[in-house]
$ cat model33.pdb   # PDB, C-alpha atoms
ATOM      1  CA  MET A1205     109.963  89.649 122.916
ATOM      2  CA  SER A1206     110.987  86.776 120.777
ATOM      3  CA  ALA A1207     111.849  86.264 117.153
ATOM      4  CA  THR A1208     111.678  83.450 114.700
ATOM      5  CA  THR A1209     114.248  82.664 112.075
ATOM      6  CA  SER A1210     112.046  83.621 109.151
ATOM      7  CA  GLY A1211     112.818  86.935 107.525
ATOM      8  CA  VAL A1212     111.008  89.971 106.193
ATOM      9  CA  LYS A1213     112.353  91.625 103.076
ATOM     10  CA  GLY A1214     112.397  95.387 103.316
ATOM     11  CA  ASP A1215     114.760  98.218 102.414
ATOM     12  CA  GLY A1216     117.135  95.686 100.898
ATOM     13  CA  VAL A1217     117.781  93.969 104.227
ATOM     14  CA  ARG A1218     116.300  90.887 105.842
ATOM     15  CA  ARG A1219     114.773  91.658 109.197
ATOM     16  CA  LEU A1220     113.759  89.008 111.652
ATOM     17  CA  ARG A1221     110.054  88.497 112.076
ATOM     18  CA  ARG A1222     109.167  88.848 115.729
ATOM     19  CA  ILE A1223     106.164  88.074 117.854
ATOM     20  CA  PRO A1224     104.985  91.413 119.247
ATOM     21  CA  ALA A1225     104.475  91.440 123.052
ATOM     22  CA  GLU A1226     104.370  88.365 125.310
ATOM     23  CA  PRO A1227     103.340  85.281 123.277
ATOM     24  CA  GLY A1228     100.633  84.366 125.828
ATOM     25  CA  ILE A1229      98.534  87.433 124.962
ATOM     26  CA  TRP A1230      98.032  86.077 121.445
ATOM     27  CA  VAL A1231      96.579  82.833 122.811
ATOM     28  CA  PHE A1232      94.293  84.779 125.131
ATOM     29  CA  ALA A1233      93.232  87.220 122.391
ATOM     30  CA  ILE A1234      92.326  84.578 119.810
ATOM     31  CA  LEU A1235      90.306  82.582 122.354
ATOM     32  CA  ASP A1236      88.473  85.720 123.440
ATOM     33  CA  MET A1237      87.879  86.704 119.823
ATOM     34  CA  LEU A1238      86.451  83.229 119.086
ATOM     35  CA  ILE A1239      83.881  83.738 121.842
ATOM     36  CA  PHE A1240      82.927  87.081 120.280
ATOM     37  CA  ALA A1241      82.877  85.427 116.829
ATOM     38  CA  GLU A1242      80.259  83.016 118.128
ATOM     39  CA  MET A1243      78.125  85.906 119.397
ATOM     40  CA  PHE A1244      78.549  87.771 116.099
ATOM     41  CA  GLY A1245      77.533  84.642 114.155
ATOM     42  CA  ILE A1246      74.418  83.976 116.251
ATOM     43  CA  TYR A1247      73.427  87.644 115.921
ATOM     44  CA  GLY A1248      73.990  87.493 112.142
ATOM     45  CA  TRP A1249      71.718  84.458 111.847
ATOM     46  CA  TYR A1250      68.921  85.968 113.975
ATOM     47  CA  ARG A1251      69.159  89.256 112.114
ATOM     48  CA  ALA A1252      68.875  87.583 108.717
ATOM     49  CA  ASP A1253      66.039  85.346 109.896
ATOM     50  CA  HIS A1254      64.067  88.164 111.593
ATOM     51  CA  TYR A1255      65.171  90.997 109.356
ATOM     52  CA  GLU A1256      62.047  93.166 109.579
ATOM     53  CA  ALA A1257      61.869  93.036 113.387
ATOM     54  CA  PHE A1258      65.617  93.700 113.756
ATOM     55  CA  HIS A1259      65.516  96.513 111.223
ATOM     56  CA  ALA A1260      62.603  98.188 113.014
ATOM     57  CA  ALA A1261      64.193  97.790 116.461
ATOM     58  CA  GLN A1262      67.505  99.131 115.178
ATOM     59  CA  SER A1263      65.812 102.387 114.156
ATOM     60  CA  THR A1264      65.658 103.364 117.851
ATOM     61  CA  VAL A1265      69.446 103.090 118.188
ATOM     62  CA  ILE A1266      71.186 106.446 117.783
ATOM     63  CA  PRO A1267      73.935 105.932 115.156
ATOM     64  CA  ALA A1268      75.819 109.048 116.339
ATOM     65  CA  PHE A1269      76.616 107.219 119.609
ATOM     66  CA  GLY A1270      78.175 104.397 117.587
ATOM     67  CA  LEU A1271      80.179 106.828 115.492
ATOM     68  CA  ALA A1272      81.418 108.653 118.602
ATOM     69  CA  TYR A1273      82.536 105.399 120.296
ATOM     70  CA  THR A1274      84.351 104.312 117.152
ATOM     71  CA  VAL A1275      86.243 107.595 116.763
ATOM     72  CA  ILE A1276      87.081 107.568 120.510
ATOM     73  CA  LEU A1277      88.423 103.999 120.492
ATOM     74  CA  LEU A1278      90.326 104.348 117.203
ATOM     75  CA  THR A1279      91.997 107.519 118.478
ATOM     76  CA  SER A1280      92.759 105.898 121.823
ATOM     77  CA  SER A1281      94.310 102.863 120.100
ATOM     78  CA  TRP A1282      96.408 105.099 117.855
ATOM     79  CA  LEU A1283      97.692 107.079 120.871
ATOM     80  CA  VAL A1284      98.664 103.786 122.532
ATOM     81  CA  VAL A1285     100.645 102.769 119.410
ATOM     82  CA  LEU A1286     102.449 106.145 119.532
ATOM     83  CA  ALA A1287     103.033 105.774 123.294
ATOM     84  CA  ILE A1288     104.673 102.375 122.812
ATOM     85  CA  SER A1289     106.776 103.756 119.959
ATOM     86  CA  ALA A1290     107.927 106.656 122.182
ATOM     87  CA  ALA A1291     108.716 104.259 125.058
ATOM     88  CA  ARG A1292     110.857 102.133 122.730
ATOM     89  CA  ARG A1293     113.060 105.087 121.888
ATOM     90  CA  GLY A1294     113.254 106.197 125.524
ATOM     91  CA  ALA A1295     111.080 109.328 125.221
ATOM     92  CA  LEU A1296     109.258 108.489 128.426
ATOM     93  CA  ASP A1297     107.566 111.841 129.070
ATOM     94  CA  VAL A1298     106.054 111.761 125.601
ATOM     95  CA  ALA A1299     105.083 108.099 126.027
ATOM     96  CA  ASP A1300     103.399 108.822 129.347
ATOM     97  CA  LYS A1301     101.424 111.764 127.949
ATOM     98  CA  LEU A1302     100.276 109.718 124.956
ATOM     99  CA  ALA A1303      99.270 106.806 127.191
ATOM    100  CA  ARG A1304      97.395 109.232 129.438
ATOM    101  CA  GLY A1305      95.491 110.494 126.356
ATOM    102  CA  GLY A1306      94.655 106.911 125.369
ATOM    103  CA  LEU A1307      93.487 106.203 128.901
ATOM    104  CA  ALA A1308      91.325 109.351 129.091
ATOM    105  CA  LEU A1309      89.592 108.371 125.852
ATOM    106  CA  GLY A1310      89.062 104.837 127.194
ATOM    107  CA  VAL A1311      87.353 106.271 130.271
ATOM    108  CA  SER A1312      85.225 108.584 128.122
ATOM    109  CA  PHE A1313      84.128 105.560 126.062
ATOM    110  CA  ALA A1314      82.891 103.799 129.209
ATOM    111  CA  VAL A1315      81.149 106.937 130.538
ATOM    112  CA  LEU A1316      79.409 107.560 127.207
ATOM    113  CA  LYS A1317      78.284 103.924 127.090
ATOM    114  CA  LEU A1318      76.702 104.262 130.528
ATOM    115  CA  ILE A1319      74.956 107.462 129.377
ATOM    116  CA  GLU A1320      73.580 105.593 126.358
ATOM    117  CA  TYR A1321      72.372 102.716 128.566
ATOM    118  CA  GLY A1322      70.694 105.292 130.834
ATOM    119  CA  THR A1323      68.969 106.889 127.841
ATOM    120  CA  LYS A1324      67.709 103.525 126.622
ATOM    121  CA  LEU A1325      66.486 102.395 130.034
ATOM    122  CA  GLY A1326      64.832 105.804 130.480
ATOM    123  CA  GLN A1327      62.865 105.143 127.285
ATOM    124  CA  GLY A1328      61.763 101.810 128.719
ATOM    125  CA  ILE A1329      64.052  99.831 126.394
ATOM    126  CA  THR A1330      65.661  96.886 128.206
ATOM    127  CA  PRO A1331      67.271  93.561 127.219
ATOM    128  CA  VAL A1332      63.843  91.896 127.311
ATOM    129  CA  THR A1333      62.178  94.432 124.986
ATOM    130  CA  ASN A1334      62.935  92.275 121.934
ATOM    131  CA  ASP A1335      65.600  89.977 120.437
ATOM    132  CA  PHE A1336      67.550  92.852 118.917
ATOM    133  CA  PHE A1337      67.924  94.629 122.256
ATOM    134  CA  MET A1338      68.800  91.372 123.995
ATOM    135  CA  PHE A1339      71.771  91.118 121.598
ATOM    136  CA  PHE A1340      72.434  94.860 121.841
ATOM    137  CA  PHE A1341      72.693  94.902 125.637
ATOM    138  CA  VAL A1342      74.482  91.562 126.055
ATOM    139  CA  MET A1343      77.117  92.131 123.367
ATOM    140  CA  THR A1344      77.829  95.760 124.256
ATOM    141  CA  PHE A1345      77.916  94.943 127.986
ATOM    142  CA  VAL A1346      80.379  92.077 127.504
ATOM    143  CA  HIS A1347      82.440  94.496 125.423
ATOM    144  CA  LEU A1348      82.145  97.200 128.105
ATOM    145  CA  LEU A1349      83.504  94.699 130.660
ATOM    146  CA  HIS A1350      86.483  94.154 128.351
ATOM    147  CA  ALA A1351      86.922  97.917 127.983
ATOM    148  CA  SER A1352      86.793  98.335 131.775
ATOM    149  CA  VAL A1353      89.536  95.742 132.203
ATOM    150  CA  GLY A1354      91.360  97.583 129.408
ATOM    151  CA  ILE A1355      91.220 100.839 131.358
ATOM    152  CA  GLY A1356      92.950  99.050 134.249
ATOM    153  CA  VAL A1357      95.460  97.602 131.785
ATOM    154  CA  LEU A1358      96.257 101.111 130.469
ATOM    155  CA  VAL A1359      96.735 102.403 134.038
ATOM    156  CA  TYR A1360      99.235  99.560 134.575
ATOM    157  CA  MET A1361     100.881 100.320 131.221
ATOM    158  CA  ARG A1362     101.478 103.927 132.281
ATOM    159  CA  ARG A1363     103.067 102.711 135.512
ATOM    160  CA  ARG A1364     105.394 100.421 133.575
ATOM    161  CA  ILE A1365     106.305 103.242 131.179
ATOM    162  CA  ARG A1366     107.177 105.534 134.098
ATOM    163  CA  ALA A1367     109.330 102.772 135.605
ATOM    164  CA  LEU A1368     111.580 102.661 132.513
ATOM    165  CA  SER A1369     114.970 104.408 132.524
ATOM    166  CA  PRO A1370     114.663 107.780 130.741
ATOM    167  CA  GLY A1371     116.709 108.591 127.664
ATOM    168  CA  VAL A1372     117.743 105.032 126.827
ATOM    169  CA  SER A1373     116.204 102.480 124.510
ATOM    170  CA  SER A1374     114.059 100.282 126.677
ATOM    171  CA  ASP A1375     114.923  96.704 127.580
ATOM    172  CA  ALA A1376     113.122  93.898 125.796
ATOM    173  CA  LYS A1377     111.418  92.398 128.848
ATOM    174  CA  SER A1378     109.845  95.655 130.052
ATOM    175  CA  MET A1379     108.810  96.559 126.526
ATOM    176  CA  GLY A1380     107.226  93.108 126.135
ATOM    177  CA  VAL A1381     104.953  93.822 129.101
ATOM    178  CA  ILE A1382     104.068  97.297 127.789
ATOM    179  CA  GLU A1383     103.355  95.911 124.316
ATOM    180  CA  THR A1384     101.139  93.217 125.848
ATOM    181  CA  CYS A1385      98.989  95.939 127.438
ATOM    182  CA  GLY A1386      98.748  97.599 124.024
ATOM    183  CA  ILE A1387      97.666  94.371 122.279
ATOM    184  CA  TYR A1388      94.830  93.915 124.767
ATOM    185  CA  TRP A1389      93.605  97.471 124.200
ATOM    186  CA  HIS A1390      93.752  97.105 120.408
ATOM    187  CA  MET A1391      91.672  93.920 120.708
ATOM    188  CA  VAL A1392      88.998  95.938 122.563
ATOM    189  CA  ASP A1393      89.099  98.448 119.673
ATOM    190  CA  LEU A1394      88.944  95.704 117.029
ATOM    191  CA  LEU A1395      85.911  94.014 118.614
ATOM    192  CA  TRP A1396      84.161  97.373 118.812
ATOM    193  CA  ILE A1397      84.661  97.950 115.069
ATOM    194  CA  VAL A1398      82.571  94.823 114.423
ATOM    195  CA  LEU A1399      79.929  95.745 117.022
ATOM    196  CA  PHE A1400      79.585  99.205 115.477
ATOM    197  CA  ALA A1401      78.861  97.616 112.078
ATOM    198  CA  LEU A1402      76.431  95.049 113.492
ATOM    199  CA  LEU A1403      74.429  97.218 115.870
ATOM    200  CA  TYR A1404      74.698 100.864 114.831
ATOM    201  CA  LEU A1405      74.881 100.770 111.032
ATOM    202  CA  ARG A1406      71.457 100.036 109.628
ATOM    203  CA  GLY A1407      71.926  98.061 106.452
TER     204      GLY A1407
ATOM    205  CA  MET B 593     111.738  99.969 112.206
ATOM    206  CA  ASN B 594     110.152 101.860 115.113
ATOM    207  CA  GLU B 595     109.693 104.929 112.890
ATOM    208  CA  LEU B 596     108.078 102.764 110.185
ATOM    209  CA  VAL B 597     105.641 101.284 112.709
ATOM    210  CA  ARG B 598     104.675 104.786 113.813
ATOM    211  CA  GLN B 599     104.184 106.063 110.264
ATOM    212  CA  ARG B 600     102.146 103.030 109.211
ATOM    213  CA  ALA B 601      99.957 103.301 112.314
ATOM    214  CA  THR B 602      99.251 106.966 111.590
ATOM    215  CA  VAL B 603      98.332 106.284 107.948
ATOM    216  CA  SER B 604      96.103 103.422 109.092
ATOM    217  CA  TYR B 605      94.483 105.648 111.706
ATOM    218  CA  ALA B 606      93.560 108.185 108.991
ATOM    219  CA  LEU B 607      92.215 105.384 106.766
ATOM    220  CA  LEU B 608      90.273 103.881 109.673
ATOM    221  CA  LEU B 609      88.553 107.208 110.335
ATOM    222  CA  GLY B 610      87.855 107.670 106.611
ATOM    223  CA  VAL B 611      86.318 104.215 106.173
ATOM    224  CA  THR B 612      84.259 104.689 109.352
ATOM    225  CA  LEU B 613      82.732 107.825 107.842
ATOM    226  CA  VAL B 614      82.087 106.076 104.507
ATOM    227  CA  ALA B 615      80.312 103.205 106.278
ATOM    228  CA  PHE B 616      78.289 105.694 108.306
ATOM    229  CA  TRP B 617      77.297 107.550 105.140
ATOM    230  CA  LEU B 618      76.363 104.275 103.379
ATOM    231  CA  THR B 619      73.681 103.575 105.935
ATOM    232  CA  VAL B 620      72.031 107.010 105.642
ATOM    233  CA  GLY B 621      68.890 106.932 103.512
ATOM    234  CA  HIS B 622      68.694 103.153 103.244
ATOM    235  CA  GLY B 623      65.545 101.798 104.835
ATOM    236  CA  GLY B 624      62.499  99.719 104.098
ATOM    237  CA  ALA B 625      61.320  96.314 105.176
ATOM    238  CA  GLY B 626      62.118  92.831 103.924
ATOM    239  CA  LEU B 627      65.540  91.455 103.195
ATOM    240  CA  SER B 628      65.793  92.279  99.508
ATOM    241  CA  GLU B 629      68.898  91.747  97.429
ATOM    242  CA  SER B 630      69.893  95.412  97.692
ATOM    243  CA  GLN B 631      69.655  95.285 101.481
ATOM    244  CA  ALA B 632      71.863  92.194 101.556
ATOM    245  CA  LEU B 633      74.220  94.146  99.319
ATOM    246  CA  ILE B 634      74.335  97.100 101.731
ATOM    247  CA  TRP B 635      74.935  94.660 104.615
ATOM    248  CA  THR B 636      77.766  93.066 102.612
ATOM    249  CA  GLN B 637      79.359  96.473 102.087
ATOM    250  CA  ILE B 638      79.049  97.334 105.791
ATOM    251  CA  ILE B 639      80.630  94.010 106.830
ATOM    252  CA  VAL B 640      83.429  94.185 104.238
ATOM    253  CA  LEU B 641      84.322  97.736 105.329
ATOM    254  CA  ALA B 642      84.284  96.685 109.001
ATOM    255  CA  PHE B 643      86.674  93.814 108.361
ATOM    256  CA  VAL B 644      88.973  95.945 106.217
ATOM    257  CA  LYS B 645      89.244  98.124 109.331
ATOM    258  CA  VAL B 646      89.795  95.071 111.530
ATOM    259  CA  ARG B 647      92.693  94.059 109.283
ATOM    260  CA  TRP B 648      94.339  97.484 109.601
ATOM    261  CA  VAL B 649      94.126  97.250 113.388
ATOM    262  CA  LEU B 650      95.655  93.755 113.265
ATOM    263  CA  MET B 651      98.432  94.688 110.851
ATOM    264  CA  ASP B 652      99.437  98.172 111.950
ATOM    265  CA  PHE B 653      98.256  98.648 115.548
ATOM    266  CA  MET B 654      98.901  95.098 116.766
ATOM    267  CA  GLU B 655     102.005  94.901 114.536
ATOM    268  CA  LEU B 656     101.113  91.568 112.936
ATOM    269  CA  ARG B 657     102.494  92.840 109.613
ATOM    270  CA  SER B 658     106.007  91.979 110.805
ATOM    271  CA  ALA B 659     104.988  88.969 112.933
ATOM    272  CA  PRO B 660     105.628  85.318 112.016
ATOM    273  CA  ILE B 661     103.377  84.321 109.103
ATOM    274  CA  GLY B 662     101.500  81.662 111.068
ATOM    275  CA  LEU B 663     100.393  84.120 113.763
ATOM    276  CA  ARG B 664      99.407  86.728 111.207
ATOM    277  CA  VAL B 665      97.434  84.245 109.101
ATOM    278  CA  LEU B 666      95.623  82.888 112.172
ATOM    279  CA  TYR B 667      94.261  86.331 112.995
ATOM    280  CA  GLU B 668      93.510  87.179 109.370
ATOM    281  CA  LEU B 669      91.581  83.920 109.089
ATOM    282  CA  TRP B 670      89.476  84.938 112.080
ATOM    283  CA  GLY B 671      88.425  88.069 110.206
ATOM    284  CA  VAL B 672      87.767  86.274 106.917
ATOM    285  CA  ALA B 673      85.748  83.534 108.632
ATOM    286  CA  VAL B 674      83.559  85.890 110.692
ATOM    287  CA  ALA B 675      82.940  88.244 107.752
ATOM    288  CA  SER B 676      82.103  85.318 105.420
ATOM    289  CA  VAL B 677      79.597  83.825 107.865
ATOM    290  CA  LEU B 678      77.889  87.190 108.468
ATOM    291  CA  ILE B 679      77.611  87.902 104.736
ATOM    292  CA  ALA B 680      76.508  84.350 103.874
ATOM    293  CA  PHE B 681      73.637  84.422 106.392
ATOM    294  CA  ALA B 682      72.194  87.617 104.864
ATOM    295  CA  TRP B 683      72.280  86.177 101.325
ATOM    296  CA  LEU B 684      71.057  82.702 102.306
ATOM    297  CA  VAL B 685      67.879  84.105 103.827
ATOM    298  CA  THR B 686      67.252  86.536 100.935
TER     299      THR B 686
END

$ encode --input "model33.pdb" --output "structure tokens"
Amino acid sequence: MSATTSGVKGDGVRRLRRIPAEPGIWVFAILDMLIFAEMFGIYGWYRADHYEAFHAAQSTVIPAFGLAYTVILLTSSWLVVLAISAARRGALDVADKLARGGLALGVSFAVLKLIEYGTKLGQGITPVTNDFFMFFFVMTFVHLLHASVGIGVLVYMRRRIRALSPGVSSDAKSMGVIETCGIYWHMVDLLWIVLFALLYLRG
Amino acid sequence: MNELVRQRATVSYALLLGVTLVAFWLTVGHGGAGLSESQALIWTQIIVLAFVKVRWVLMDFMELRSAPIGLRVLYELWGVAVASVLIAFAWLVT
């Protein structure tokens, strides 16, 4: 955890602005997000240029899947925020339970995604069916890989939470590592929000 | 500070769920072929709502609200740039 000298005004006091988590995660996250931005942009261009074909292909996507993933990941992310908050104040049992909830939802996201892939493949829809499904499979699979890494990251986060000393406010270094895990998981959530809009909402 | 982060995250979580449902509802009953102006408009609404959600995740889950301005602006710019490009493409081809 580190802080700069600039201040935030709030409640009549000046608080130091701080970089959440380890600074390196922010470099990693923005680079990763730029790669996704490129995919989003290319998809946006193809969609606009081949609107009728994309619109027709999109009608075979089940929007309820997209809604379910979004609710699952948002809830998981929120539980991770609460887990980190509990860890900061030394409520480690609570933090561990919340992190376990976040992790369980992360796993259910991945399982549901595999079920959806199975449904699509069962219908004979593959990445080579058309341009829309090429984007659909590639972008969601790259995201699923990120989510899978994220599940491992949340397992590690739980281990680090359990290694903290109970009942005391946690030390900055350990909390920095735990917060870093959280930032990664929120990035997975954030990228999904865009994918949900691009692939599941039929505008 | 910790309590404030928790409260803000919970409010944002409720808003995120609410906006998700609004965006889902927006897309029900809108169909047809050809990229007409109204379809570009629906797309614009979907993208704007998505990036409003992205901003809440950045600010209140990733805690960029209290981060140094430069870091916060960098990530906000990512959202503005991606949303602008996605919206511009739909209107340019209309």

$ resolve_selection --input "model33.pdb" --expression "the PyMOL selection byres ((chain A) within 8 of (chain B))" --output "PyMOL selection string"
chain A and resi 1208+1210+1212+1221-1224+1234+1238+1241+1244-1245+1248-1249+1252-1253+1255-1256+1259+1271+1274-1275+1278-1279+1281-1282+1285-1286+1289+1292+1386-1387+1390+1394+1397-1398+1401-1402+1405-1407

$ residues_around --input "model33.pdb" --residues "A:Gly1306" --least-positions-apart "5" --cutoff "6 Å" --atoms "all atoms listed in the file" --output "list in words"
Ser1280, Leu1283 and Val1284 of chain A

$ atom_distance --input "model33.pdb" --atom1 "atom CA of A:Phe1337" --atom2 "atom CA of A:Leu1307"
28.8 Å

$ atom_distance --input "model33.pdb" --atom1 "atom CA of A:Glu1383" --atom2 "atom CA of A:Ala1225"
4.8 Å

$ resolve_selection --input "model33.pdb" --expression "the PyMOL selection byres ((chain A and resi 1340) around 10)" --output "ChimeraX atom specification"
/A:1247,1262,1265,1330-1331,1334-1339,1341-1345,1399,1402-1404

$ residues_around --input "model33.pdb" --residues "A:Val1353" --least-positions-apart "3" --cutoff "12 Å" --atoms "only C-alpha atoms" --output "PyMOL selection string"
chain A and resi 1307+1310-1311+1314+1346-1350+1356-1360+1385+1388-1389+1391-1392

$ resolve_selection --input "model33.pdb" --expression "the PyMOL selection byres ((chain A and resi 1301) around 12)" --output "list in words"
Leu1283, Val1284, Leu1286, Ala1287, Ile1288, Ala1290, Ala1291, Ala1295, Leu1296, Asp1297, Val1298, Ala1299, Asp1300, Leu1302, Ala1303, Arg1304, Gly1305, Gly1306, Leu1307, Ala1308, Met1361, Arg1362, Arg1363, Ile1365 and Arg1366 of chain A

$ axis_aligned_box --input "model33.pdb" --around "stretch 1221-1239 of chain A" --padding-each-side "6 Å" --output "lines of an AutoDock Vina configuration file"
center_x = 97.0
center_y = 87.0
center_z = 119.0
size_x = 38.2
size_y = 20.9
size_z = 25.8

$ atom_distance --input "model33.pdb" --atom1 "atom CA of A:Gln1327" --atom2 "atom CA of A:Ser1352"
25.3 Å

$ decode --input "model33.pdb" --residues "stretch 1329-1337 of chain A" --atoms "all heavy atoms" --output "PDB file, in the first residue's frame"
ATOM      1  N   ILE A1329     -23.790 -25.155 -33.301  1.00  0.00           N
ATOM      2  CA  ILE A1329     -23.241 -23.792 -33.428  1.00  0.00           C
ATOM      3  C   ILE A1329     -21.809 -23.790 -32.896  1.00  0.00           C
ATOM      4  O   ILE A1329     -21.568 -24.138 -31.731  1.00  0.00           O
ATOM      5  CB  ILE A1329     -24.108 -22.773 -32.658  1.00  0.00           C
ATOM      6  CG1 ILE A1329     -25.515 -22.726 -33.266  1.00  0.00           C
ATOM      7  CG2 ILE A1329     -23.464 -21.396 -32.676  1.00  0.00           C
ATOM      8  CD1 ILE A1329     -26.503 -21.890 -32.478  1.00  0.00           C
ATOM      9  N   THR A1330     -20.875 -23.438 -33.757  1.00  0.00           N
ATOM     10  CA  THR A1330     -19.444 -23.443 -33.398  1.00  0.00           C
ATOM     11  C   THR A1330     -18.828 -22.089 -33.779  1.00  0.00           C
ATOM     12  O   THR A1330     -19.500 -21.259 -34.404  1.00  0.00           O
ATOM     13  CB  THR A1330     -18.698 -24.560 -34.163  1.00  0.00           C
ATOM     14  OG1 THR A1330     -18.660 -24.193 -35.553  1.00  0.00           O
ATOM     15  CG2 THR A1330     -19.385 -25.921 -34.009  1.00  0.00           C
ATOM     16  N   PRO A1331     -17.542 -21.895 -33.470  1.00  0.00           N
ATOM     17  CA  PRO A1331     -16.910 -20.614 -33.846  1.00  0.00           C
ATOM     18  C   PRO A1331     -16.870 -20.377 -35.356  1.00  0.00           C
ATOM     19  O   PRO A1331     -16.711 -19.229 -35.789  1.00  0.00           O
ATOM     20  CB  PRO A1331     -15.492 -20.750 -33.281  1.00  0.00           C
ATOM     21  CG  PRO A1331     -15.616 -21.745 -32.171  1.00  0.00           C
ATOM     22  CD  PRO A1331     -16.681 -22.694 -32.596  1.00  0.00           C
ATOM     23  N   VAL A1332     -16.996 -21.423 -36.154  1.00  0.00           N
ATOM     24  CA  VAL A1332     -16.943 -21.207 -37.612  1.00  0.00           C
ATOM     25  C   VAL A1332     -18.330 -21.085 -38.247  1.00  0.00           C
ATOM     26  O   VAL A1332     -18.458 -20.966 -39.462  1.00  0.00           O
ATOM     27  CB  VAL A1332     -16.132 -22.328 -38.333  1.00  0.00           C
ATOM     28  CG1 VAL A1332     -14.672 -22.283 -37.913  1.00  0.00           C
ATOM     29  CG2 VAL A1332     -16.727 -23.704 -38.059  1.00  0.00           C
ATOM     30  N   THR A1333     -19.382 -21.091 -37.416  1.00  0.00           N
ATOM     31  CA  THR A1333     -20.743 -20.975 -37.953  1.00  0.00           C
ATOM     32  C   THR A1333     -20.921 -19.648 -38.696  1.00  0.00           C
ATOM     33  O   THR A1333     -21.427 -19.619 -39.814  1.00  0.00           O
ATOM     34  CB  THR A1333     -21.771 -21.094 -36.808  1.00  0.00           C
ATOM     35  OG1 THR A1333     -21.634 -22.391 -36.221  1.00  0.00           O
ATOM     36  CG2 THR A1333     -23.196 -20.919 -37.306  1.00  0.00           C
ATOM     37  N   ASN A1334     -20.519 -18.567 -38.074  1.00  0.00           N
ATOM     38  CA  ASN A1334     -20.543 -17.247 -38.731  1.00  0.00           C
ATOM     39  C   ASN A1334     -19.665 -16.278 -37.942  1.00  0.00           C
ATOM     40  O   ASN A1334     -19.111 -16.644 -36.897  1.00  0.00           O
ATOM     41  CB  ASN A1334     -21.988 -16.711 -38.878  1.00  0.00           C
ATOM     42  CG  ASN A1334     -22.721 -16.692 -37.542  1.00  0.00           C
ATOM     43  OD1 ASN A1334     -22.136 -16.289 -36.523  1.00  0.00           O
ATOM     44  ND2 ASN A1334     -23.976 -17.106 -37.534  1.00  0.00           N
ATOM     45  N   ASP A1335     -19.536 -15.039 -38.447  1.00  0.00           N
ATOM     46  CA  ASP A1335     -18.645 -14.058 -37.803  1.00  0.00           C
ATOM     47  C   ASP A1335     -19.075 -13.761 -36.373  1.00  0.00           C
ATOM     48  O   ASP A1335     -18.242 -13.628 -35.475  1.00  0.00           O
ATOM     49  CB  ASP A1335     -18.632 -12.748 -38.610  1.00  0.00           C
ATOM     50  CG  ASP A1335     -17.733 -12.856 -39.830  1.00  0.00           C
ATOM     51  OD1 ASP A1335     -16.961 -13.819 -39.901  1.00  0.00           O
ATOM     52  OD2 ASP A1335     -17.824 -11.968 -40.705  1.00  0.00           O
ATOM     53  N   PHE A1336     -20.399 -13.649 -36.170  1.00  0.00           N
ATOM     54  CA  PHE A1336     -20.864 -13.339 -34.813  1.00  0.00           C
ATOM     55  C   PHE A1336     -20.386 -14.404 -33.826  1.00  0.00           C
ATOM     56  O   PHE A1336     -19.860 -14.076 -32.755  1.00  0.00           O
ATOM     57  CB  PHE A1336     -22.398 -13.219 -34.755  1.00  0.00           C
ATOM     58  CG  PHE A1336     -22.909 -13.085 -33.343  1.00  0.00           C
ATOM     59  CD1 PHE A1336     -22.849 -11.857 -32.680  1.00  0.00           C
ATOM     60  CD2 PHE A1336     -23.397 -14.191 -32.648  1.00  0.00           C
ATOM     61  CE1 PHE A1336     -23.281 -11.741 -31.358  1.00  0.00           C
ATOM     62  CE2 PHE A1336     -23.834 -14.074 -31.324  1.00  0.00           C
ATOM     63  CZ  PHE A1336     -23.775 -12.847 -30.683  1.00  0.00           C
ATOM     64  N   PHE A1337     -20.566 -15.677 -34.193  1.00  0.00           N
ATOM     65  CA  PHE A1337     -20.191 -16.733 -33.240  1.00  0.00           C
ATOM     66  C   PHE A1337     -18.675 -16.903 -33.125  1.00  0.00           C
ATOM     67  O   PHE A1337     -18.198 -17.398 -32.107  1.00  0.00           O
ATOM     68  CB  PHE A1337     -20.917 -18.039 -33.555  1.00  0.00           C
ATOM     69  CG  PHE A1337     -22.311 -18.024 -32.991  1.00  0.00           C
ATOM     70  CD1 PHE A1337     -23.413 -17.864 -33.806  1.00  0.00           C
ATOM     71  CD2 PHE A1337     -22.510 -18.099 -31.613  1.00  0.00           C
ATOM     72  CE1 PHE A1337     -24.697 -17.792 -33.266  1.00  0.00           C
ATOM     73  CE2 PHE A1337     -23.787 -18.028 -31.072  1.00  0.00           C
ATOM     74  CZ  PHE A1337     -24.876 -17.876 -31.892  1.00  0.00           C
TER      75      PHE A1337
END
